[in-house]
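Engineer: Sharing my_file_24.csv (CSV, C-alpha atoms) below.
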chain,number,residue,atom,x,y,z
E,424,MET,CA,27.4,69.9,97.6
E,425,ALA,CA,27.4,67.6,100.6
E,426,SER,CA,27.1,63.9,99.8
E,427,SER,CA,23.8,62.4,100.9
E,428,SER,CA,23.9,59.0,102.7
E,429,TYR,CA,20.3,58.7,103.6
E,430,SER,CA,20.3,55.3,102.1
E,431,ASN,CA,20.5,51.8,103.6
E,432,ALA,CA,24.1,52.2,104.8
E,433,PRO,CA,24.7,54.2,107.9
E,434,CYS,CA,26.9,57.2,107.5
E,435,ALA,CA,30.6,56.8,108.3
E,436,ALA,CA,30.2,58.5,111.7
E,437,CYS,CA,27.4,56.3,112.9
E,438,LYS,CA,29.2,53.2,111.6
E,439,CYS,CA,32.3,54.3,113.5
E,440,LEU,CA,30.4,55.1,116.6
E,441,ARG,CA,28.3,51.8,116.2
E,442,ARG,CA,25.0,53.6,116.4
E,443,LYS,CA,21.8,53.7,114.3
E,444,CYS,CA,22.0,56.4,111.7
E,445,MET,CA,18.7,58.3,111.9
E,446,PRO,CA,17.3,60.4,109.1
E,447,ASP,CA,18.1,63.6,111.0
E,448,CYS,CA,21.7,62.5,111.7
E,449,VAL,CA,23.9,65.7,111.9
E,450,PHE,CA,26.9,63.8,110.5
E,451,ALA,CA,25.3,62.0,107.6
E,452,PRO,CA,25.4,64.7,105.0
E,453,TYR,CA,29.1,65.3,105.5
E,454,PHE,CA,30.5,61.8,106.3
E,455,PRO,CA,29.2,59.5,103.6
E,456,PRO,CA,29.9,55.7,104.1
E,457,GLU,CA,32.3,55.8,101.1
E,458,GLU,CA,34.8,57.9,103.1
E,459,PRO,CA,35.2,56.2,106.4
E,460,GLN,CA,38.7,57.6,107.1
E,461,LYS,CA,37.4,61.2,107.1
E,462,PHE,CA,35.3,60.7,110.2
E,463,VAL,CA,37.9,58.4,111.9
E,464,ASN,CA,40.4,61.3,111.6
E,465,VAL,CA,38.2,64.1,112.9
E,466,HIS,CA,36.9,61.8,115.7
E,467,LYS,CA,40.5,60.9,116.7
E,468,ILE,CA,41.7,64.6,116.8
E,469,PHE,CA,38.6,66.6,117.8
E,470,GLY,CA,36.2,64.0,119.2
E,471,ALA,CA,32.8,63.3,117.8
E,472,SER,CA,31.1,65.3,120.5
E,473,ASN,CA,33.1,68.5,119.6
E,474,VAL,CA,32.5,68.0,115.9
E,475,SER,CA,28.8,67.7,116.5
E,476,LYS,CA,28.8,70.8,118.7
E,477,LEU,CA,30.7,72.8,116.1
E,478,LEU,CA,28.3,71.7,113.3
E,479,ASN,CA,25.4,72.9,115.4
E,480,GLU,CA,27.1,76.3,115.9
E,481,VAL,CA,27.6,77.1,112.2
E,482,LEU,CA,24.9,77.8,109.7
E,483,PRO,CA,23.7,74.9,107.6
E,484,HIS,CA,25.2,76.2,104.4
E,485,GLN,CA,28.6,76.5,106.1
E,486,ARG,CA,28.7,73.0,107.5
E,487,GLU,CA,30.3,71.3,104.6
E,488,ASP,CA,33.2,73.8,104.6
E,489,ALA,CA,33.5,73.4,108.4
E,490,VAL,CA,33.7,69.6,108.1
E,491,ASN,CA,36.2,69.8,105.3
E,492,SER,CA,38.5,72.2,107.2
E,493,LEU,CA,38.3,70.0,110.3
E,494,ALA,CA,39.1,67.0,108.2
E,495,TYR,CA,42.1,68.9,106.7
E,496,GLU,CA,43.4,69.9,110.1
E,497,ALA,CA,42.9,66.4,111.5
E,498,GLU,CA,44.8,64.8,108.7
E,499,ALA,CA,47.6,67.3,109.1
E,500,ARG,CA,47.8,66.6,112.8
E,501,LEU,CA,47.9,62.9,112.2
E,502,LYS,CA,50.7,63.3,109.7
E,503,ASP,CA,52.6,65.7,111.9
E,504,PRO,CA,51.6,65.4,115.6
E,505,VAL,CA,53.9,68.2,116.7
E,506,TYR,CA,52.9,71.0,114.3
E,507,GLY,CA,49.8,69.9,112.4
E,508,CYS,CA,48.7,72.3,109.8
E,509,VAL,CA,50.5,75.2,111.7
E,510,GLY,CA,53.6,73.8,110.1
E,511,ALA,CA,52.1,74.5,106.7
E,512,ILE,CA,51.3,78.1,107.8
E,513,SER,CA,54.8,78.6,108.9
E,514,VAL,CA,56.2,77.4,105.6
E,515,LEU,CA,53.8,79.5,103.6
E,516,GLN,CA,54.5,82.6,105.6
E,517,ARG,CA,58.2,82.2,104.9
E,518,GLN,CA,57.5,81.7,101.2
E,519,VAL,CA,55.5,84.9,101.1
E,520,MET,CA,58.2,86.8,102.8
E,521,ARG,CA,60.9,85.4,100.5
E,522,LEU,CA,58.9,86.1,97.4
E,523,GLN,CA,58.1,89.6,98.6
E,524,ARG,CA,61.8,90.3,99.2
E,525,GLU,CA,62.6,88.9,95.8
E,526,LEU,CA,60.0,90.9,94.1
E,527,ASP,CA,61.1,94.1,95.8
E,528,ALA,CA,64.7,93.4,94.7
E,529,THR,CA,63.6,92.7,91.1
E,530,ASN,CA,61.5,95.8,91.0
E,531,ALA,CA,64.5,97.8,92.2
E,532,ASP,CA,66.6,96.3,89.4
E,533,LEU,CA,63.8,97.2,86.9
E,534,ILE,CA,63.9,100.8,88.1
E,535,ARG,CA,67.7,100.9,87.8
E,536,TYR,CA,67.3,99.7,84.2
E,537,ALA,CA,64.7,102.3,83.5
E,538,CYS,CA,67.2,104.9,84.8
E,539,ASN,CA,69.9,103.3,82.7
E,540,GLU,CA,72.0,102.9,85.7
E,541,MET,CA,73.1,99.3,85.2
E,542,PRO,CA,74.2,97.2,82.3
E,543,PRO,CA,71.9,94.4,81.0
E,544,GLN,CA,72.1,91.0,82.7
E,545,PHE,CA,70.5,88.0,81.3
E,546,GLY,CA,68.6,85.3,83.1
E,547,ALA,CA,66.9,87.6,85.6
E,548,ARG,CA,66.2,86.2,89.0
E,549,SER,CA,65.3,82.6,89.3
E,550,ASP,CA,66.4,81.7,92.8
E,551,THR,CA,62.9,81.5,94.1
E,552,ASN,CA,61.9,78.4,92.3
E,553,GLU,CA,62.9,76.3,95.2
E,554,GLN,CA,60.2,78.0,97.3
E,555,ASN,CA,57.6,76.0,95.6
E,556,SER,CA,59.1,72.7,96.7
E,557,GLY,CA,57.6,70.6,99.5
E,558,PHE,CA,56.9,71.8,103.0
E,559,TYR,CA,59.5,71.6,105.7
E,560,PHE,CA,58.8,71.8,109.4
E,561,PRO,CA,61.1,74.1,111.3
E,562,SER,CA,62.3,72.5,114.6
E,563,GLN,CA,62.1,75.8,116.5
E,564,TRP,CA,59.2,77.6,115.0
E,565,ASN,CA,58.3,79.0,118.3
E,566,ASN,CA,61.6,80.8,118.6
E,567,ASN,CA,62.3,82.2,115.2
E,568,ASN,CA,62.5,85.9,114.9
E,569,ASP,CA,61.2,86.6,111.4
E,570,GLY,CA,57.6,86.8,112.5
E,571,SER,CA,56.6,83.9,110.3
E,572,HIS,CA,54.4,82.6,113.1
E,573,GLU,CA,53.6,82.9,116.7
E,574,GLY,CA,52.5,80.2,119.0
E,575,GLY,CA,50.4,80.3,122.1
E,576,GLU,CA,47.4,82.3,123.0
E,577,SER,CA,49.1,85.6,122.1
E,578,SER,CA,49.2,84.6,118.5
E,579,SER,CA,47.1,86.5,116.0
E,580,MET,CA,46.0,85.6,112.5
C,1058,MET,CA,61.3,76.9,127.5
C,1059,ALA,CA,58.1,75.6,129.0
C,1060,SER,CA,56.9,77.5,132.0
C,1061,SER,CA,56.9,75.5,135.2
C,1062,SER,CA,54.0,75.7,137.5
C,1063,TYR,CA,55.1,73.3,140.2
C,1064,SER,CA,54.3,75.9,142.8
C,1065,ASN,CA,51.4,76.4,145.1
C,1066,ALA,CA,49.0,77.2,142.3
C,1067,PRO,CA,47.6,74.4,140.2
C,1068,CYS,CA,48.3,74.6,136.5
C,1069,ALA,CA,45.7,76.1,134.3
C,1070,ALA,CA,44.5,72.7,133.1
C,1071,CYS,CA,44.0,71.2,136.6
C,1072,LYS,CA,42.3,74.4,137.7
C,1073,CYS,CA,39.9,74.3,134.7
C,1074,LEU,CA,39.3,70.6,135.2
C,1075,ARG,CA,38.9,71.1,139.0
C,1076,ARG,CA,41.4,68.5,140.0
C,1077,LYS,CA,44.5,68.3,142.1
C,1078,CYS,CA,47.6,69.2,140.2
C,1079,MET,CA,50.2,66.5,140.9
C,1080,PRO,CA,53.9,67.0,140.5
C,1081,ASP,CA,53.9,64.7,137.5
C,1082,CYS,CA,51.0,66.5,135.8
C,1083,VAL,CA,51.4,66.2,132.0
C,1084,PHE,CA,49.8,69.6,131.4
C,1085,ALA,CA,51.6,71.7,134.1
C,1086,PRO,CA,54.8,72.5,132.1
C,1087,TYR,CA,52.8,73.9,129.2
C,1088,PHE,CA,49.7,75.4,130.8
C,1089,PRO,CA,50.9,77.7,133.6
C,1090,PRO,CA,48.3,79.3,135.8
C,1091,GLU,CA,49.0,82.7,134.4
C,1092,GLU,CA,47.6,81.7,131.0
C,1093,PRO,CA,44.2,80.2,131.8
C,1094,GLN,CA,42.7,80.9,128.3
C,1095,LYS,CA,45.3,78.8,126.6
C,1096,PHE,CA,44.0,75.6,128.2
C,1097,VAL,CA,40.3,76.7,128.0
C,1098,ASN,CA,40.7,77.0,124.2
C,1099,VAL,CA,42.4,73.7,123.5
C,1100,HIS,CA,40.0,71.9,125.9
C,1101,LYS,CA,37.0,73.4,124.1
C,1102,ILE,CA,38.3,72.5,120.6
C,1103,PHE,CA,40.3,69.3,121.1
C,1104,GLY,CA,39.2,68.1,124.5
C,1105,ALA,CA,41.6,67.6,127.5
C,1106,SER,CA,41.7,63.8,126.9
C,1107,ASN,CA,42.9,64.2,123.3
C,1108,VAL,CA,45.5,66.8,124.2
C,1109,SER,CA,46.8,64.5,127.0
C,1110,LYS,CA,47.0,61.6,124.5
C,1111,LEU,CA,48.8,63.7,121.9
C,1112,LEU,CA,51.3,65.0,124.5
C,1113,ASN,CA,52.1,61.4,125.4
C,1114,GLU,CA,52.6,60.5,121.8
C,1115,VAL,CA,55.3,63.1,121.1
C,1116,LEU,CA,58.8,63.3,122.5
C,1117,PRO,CA,59.2,65.4,125.6
C,1118,HIS,CA,61.3,68.1,123.8
C,1119,GLN,CA,58.6,68.5,121.2
C,1120,ARG,CA,55.7,68.9,123.6
C,1121,GLU,CA,56.0,72.6,124.0
C,1122,ASP,CA,55.8,73.1,120.2
C,1123,ALA,CA,52.9,70.6,120.0
C,1124,VAL,CA,50.9,72.5,122.7
C,1125,ASN,CA,51.6,75.9,121.1
C,1126,SER,CA,50.5,74.7,117.7
C,1127,LEU,CA,47.3,73.2,119.3
C,1128,ALA,CA,46.7,76.5,121.0
C,1129,TYR,CA,47.1,78.3,117.8
C,1130,GLU,CA,44.7,76.0,115.9
C,1131,ALA,CA,42.2,76.2,118.8
C,1132,GLU,CA,42.3,80.0,118.9
C,1133,ALA,CA,41.9,80.2,115.1
C,1134,ARG,CA,38.9,77.8,115.2
C,1135,LEU,CA,37.2,79.8,118.0
C,1136,LYS,CA,37.7,83.0,115.9
C,1137,ASP,CA,36.5,81.3,112.7
C,1138,PRO,CA,34.4,78.2,113.4
C,1139,VAL,CA,34.0,77.5,109.7
C,1140,TYR,CA,37.6,77.5,108.4
C,1141,GLY,CA,39.8,77.7,111.5
C,1142,CYS,CA,43.4,78.0,110.5
C,1143,VAL,CA,42.7,76.4,107.2
C,1144,GLY,CA,41.4,79.8,106.2
C,1145,ALA,CA,44.9,81.2,106.8
C,1146,ILE,CA,46.5,78.5,104.7
C,1147,SER,CA,44.1,79.3,101.9
C,1148,VAL,CA,45.0,83.0,102.0
C,1149,LEU,CA,48.7,82.3,102.2
C,1150,GLN,CA,48.6,79.9,99.3
C,1151,ARG,CA,46.9,82.5,97.2
C,1152,GLN,CA,49.5,85.1,98.2
C,1153,VAL,CA,52.3,82.8,97.2
C,1154,MET,CA,50.7,82.1,93.8
C,1155,ARG,CA,50.1,85.8,93.2
C,1156,LEU,CA,53.6,86.8,94.2
C,1157,GLN,CA,55.1,84.0,92.1
C,1158,ARG,CA,53.1,85.2,89.1
C,1159,GLU,CA,54.1,88.8,89.7
C,1160,LEU,CA,57.8,87.9,90.1
C,1161,ASP,CA,57.7,85.8,86.9
C,1162,ALA,CA,56.2,88.8,85.1
C,1163,THR,CA,58.8,91.2,86.6
C,1164,ASN,CA,61.6,88.9,85.6
C,1165,ALA,CA,60.2,88.7,82.1
C,1166,ASP,CA,60.2,92.5,82.0
C,1167,LEU,CA,63.8,92.6,83.2
C,1168,ILE,CA,64.9,90.2,80.4
C,1169,ARG,CA,63.1,92.4,77.9
C,1170,TYR,CA,65.0,95.4,79.2
C,1171,ALA,CA,68.3,93.4,79.0
C,1172,CYS,CA,67.5,92.7,75.4
C,1173,ASN,CA,66.6,96.3,74.8
C,1174,GLU,CA,63.2,95.3,73.6
C,1175,MET,CA,61.1,97.8,75.6
C,1176,PRO,CA,61.4,101.4,76.6
C,1177,PRO,CA,62.0,102.2,80.3
C,1178,GLN,CA,58.9,102.5,82.5
C,1179,PHE,CA,59.1,104.0,85.9
C,1180,GLY,CA,57.5,102.8,89.0
C,1181,ALA,CA,58.0,99.1,88.4
C,1182,ARG,CA,55.3,96.8,89.6
C,1183,SER,CA,53.7,97.5,92.9
C,1184,ASP,CA,50.3,96.0,92.7
C,1185,THR,CA,51.2,93.2,95.1
C,1186,ASN,CA,51.3,95.4,98.2
C,1187,GLU,CA,47.7,94.6,98.9
C,1188,GLN,CA,48.7,91.0,99.4
C,1189,ASN,CA,50.2,91.8,102.7
C,1190,SER,CA,46.9,93.1,104.1
C,1191,GLY,CA,44.8,91.1,106.5
C,1192,PHE,CA,43.5,87.6,105.8
C,1193,TYR,CA,40.2,87.0,104.1
C,1194,PHE,CA,38.2,83.9,104.2
C,1195,PRO,CA,36.9,82.7,100.9
C,1196,SER,CA,33.4,81.6,101.0
C,1197,GLN,CA,33.8,78.7,98.6
C,1198,TRP,CA,37.4,77.6,99.3
C,1199,ASN,CA,36.3,74.0,98.7
C,1200,ASN,CA,35.3,74.8,95.1
C,1201,ASN,CA,38.0,77.0,93.8
C,1202,ASN,CA,40.1,75.8,90.9
C,1203,ASP,CA,43.4,77.4,91.5
C,1204,GLY,CA,44.8,74.6,93.6
C,1205,SER,CA,45.1,76.9,96.7
C,1206,HIS,CA,43.8,74.1,98.9
C,1207,GLU,CA,41.9,70.9,99.0
C,1208,GLY,CA,39.4,69.8,101.6
C,1209,GLY,CA,38.5,66.4,102.8
C,1210,GLU,CA,40.5,63.3,103.3
C,1211,SER,CA,42.0,63.4,99.8
C,1212,SER,CA,43.8,66.6,100.7
C,1213,SER,CA,47.6,66.6,100.9
C,1214,MET,CA,50.1,69.0,102.5
Is it possible to give me this structure as structure tokens?
Structural biologist:
Amino acid sequence: MASSSYSNAPCAACKCLRRKCMPDCVFAPYFPPEEPQKFVNVHKIFGASNVSKLLNEVLPHQREDAVNSLAYEAEARLKDPVYGCVGAISVLQRQVMRLQRELDATNADLIRYACNEMPPQFGARSDTNEQNSGFYFPSQWNNNNDGSHEGGESSSM
Amino acid sequence: MASSSYSNAPCAACKCLRRKCMPDCVFAPYFPPEEPQKFVNVHKIFGASNVSKLLNEVLPHQREDAVNSLAYEAEARLKDPVYGCVGAISVLQRQVMRLQRELDATNADLIRYACNEMPPQFGARSDTNEQNSGFYFPSQWNNNNDGSHEGGESSSM
């Protein structure tokens, strides 16, 4: 549930923008005064006006999710000005592809066992554990050929 | 390589902003006139001023990647105003977790085979194929408990 800040303190947005926080403030339910950085981040990356416009374009029950996803993107862009959260998408797409390949290979081994075509090997496959380690940010994500992501307006989700 | 638009036509940004495109235009190398929608999208979501500031904050050789990741995010936000590309991150994180669980289970089966503890079964595991289908956008991604993502300023990549 969205936090309410209809108290004495202005919401984090109005405080940042140095304006009076009115009872119908569009930001107040999603930017409580206790979380000042959340608004500072989205204001810096998207601009208060764009955030306000976006909030008015989505249904009231979706606004909290919208604000939180904007805050996530803004924080990612501040941490990584070049790739933002697209870097995380790239990494996750590579993880998915590696895991799928690994699973396919393991399933193929399993079928060979079932057909008694290969001798037992202990330890199974474990070389995918590294895939759960931290993110990395490829320097040429726009040029890779494994389809892990596409940039520009021709990209599709 | 970034497209060059130092020709007769103004770049897509200057055309959109109805201003003269100067030879030192910061947008021109990344917003060629042939791709007008790319600038329209980032302008609508981030604002031209924020994009310009961001371009000046990153090194010249990183600017094309920065523009393309902004264009990707902007397009995703226009397609899905509530979750933007954070929806894709959520879906990919769930895919990774499912695939990892499936791989762990398949590896465990393989070890049991190696120990001759279970009879052969044909077909192996194939119930992860559906994970490569299109994205879905969870309605309550902010409340799920599987760690697939976190919203707000406390989130970490």
Engineer: Please list as an MDAnalysis selection string every residue within 10 Å of C:Ala1066, counting all atoms listed in the file and excluding residues in the same chain fewer than 6 positions away.
Structural biologist: chainID C and resid 1072 1077:1078 1089:1091
Engineer: Rounded to one decimal, what separation in Å do you get between atom CA of E:Asn539 and atom CA of C:Arg1155?
Structural biologist: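 One can read the atom CA of E:Asn539 to atom CA of C:Arg1155 distance as 28.4 Å.
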Engineer: Within 8 Å of C:Lys1101, counting all atoms listed in the file, which residues qualify if same-chain residues fewer than 3 places away don't, as a list in words?
Structural biologist: Asn473 of chain E; Val1097, Asn1098, Gly1104 and Ala1131 of chain C
Engineer: Could you dump the residues just selected with C-alpha atoms as a PDB file, in the frame of the given file?
Structural biologist:
ATOM      1  CA  ASN E 473      33.100  68.500 119.600  1.00  0.00           C
TER       2      ASN E 473
ATOM      3  CA  VAL C1097      40.300  76.700 128.000  1.00  0.00           C
ATOM      4  CA  ASN C1098      40.700  77.000 124.200  1.00  0.00           C
ATOM      5  CA  GLY C1104      39.200  68.100 124.500  1.00  0.00           C
ATOM      6  CA  ALA C1131      42.200  76.200 118.800  1.00  0.00           C
TER       7      ALA C1131
END
Engineer: Between E:Ser513, E:Pro452, E:Asp527, E:Ala494, which residue has the minimum interatomic distance to chain C, considering only C-alpha atoms?
Structural biologist: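 Looking at the shortest contact to chain C, the residue is E:Ala494.
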Engineer: Would you kindly return, as a PyMOL selection string, each protein, DNA or RNA residue with an atom no farther than 9 Å from any atom of E:Ala499, considering all atoms listed in the file and excluding same-chain residues fewer than 3 positions away?
Structural biologist: (chain E and resi 494-496+502-504+506-511) or (chain C and resi 1213-1214)
Engineer: Quick check, in Å to one decimal: how far apart do atom CA of E:Val505 and atom CA of C:Val1124 lie?
Structural biologist: 8.0 Å
Engineer: Which polymer residues have any atom within 8 Å of an atom of E:Val519, counting all atoms listed in the file, with same-chain residues fewer than 5 positions away left out, as a PyMOL selection string?
Structural biologist: chain C and resi 1149+1152-1153+1156
Engineer: Just checking: using all atoms listed in the file, which residue out of C:Ile1146, C:Met1154, C:Ala1162, C:Ala1069 ends up closest to chain E?
Structural biologist: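 Once distances to chain E are computed over all atoms listed in the file, the minimum belongs to C:Ile1146.
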Engineer: Check the smallest atom-to-atom distance from each of C:Phe1088, C:His1118, C:Lys1095, C:Leu1112 to chain E using all atoms listed in the file, then report the winner.
Structural biologist: C:Lys1095
Engineer: Let me make sure I understand: among E:Leu493, E:Leu501, E:Ala471, E:Leu533, which one has the smallest atom-to-atom distance to E:Cys439 if we use all atoms listed in the file?
Structural biologist: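 Once distances to E:Cys439 are computed over all atoms listed in the file, the minimum belongs to E:Ala471.
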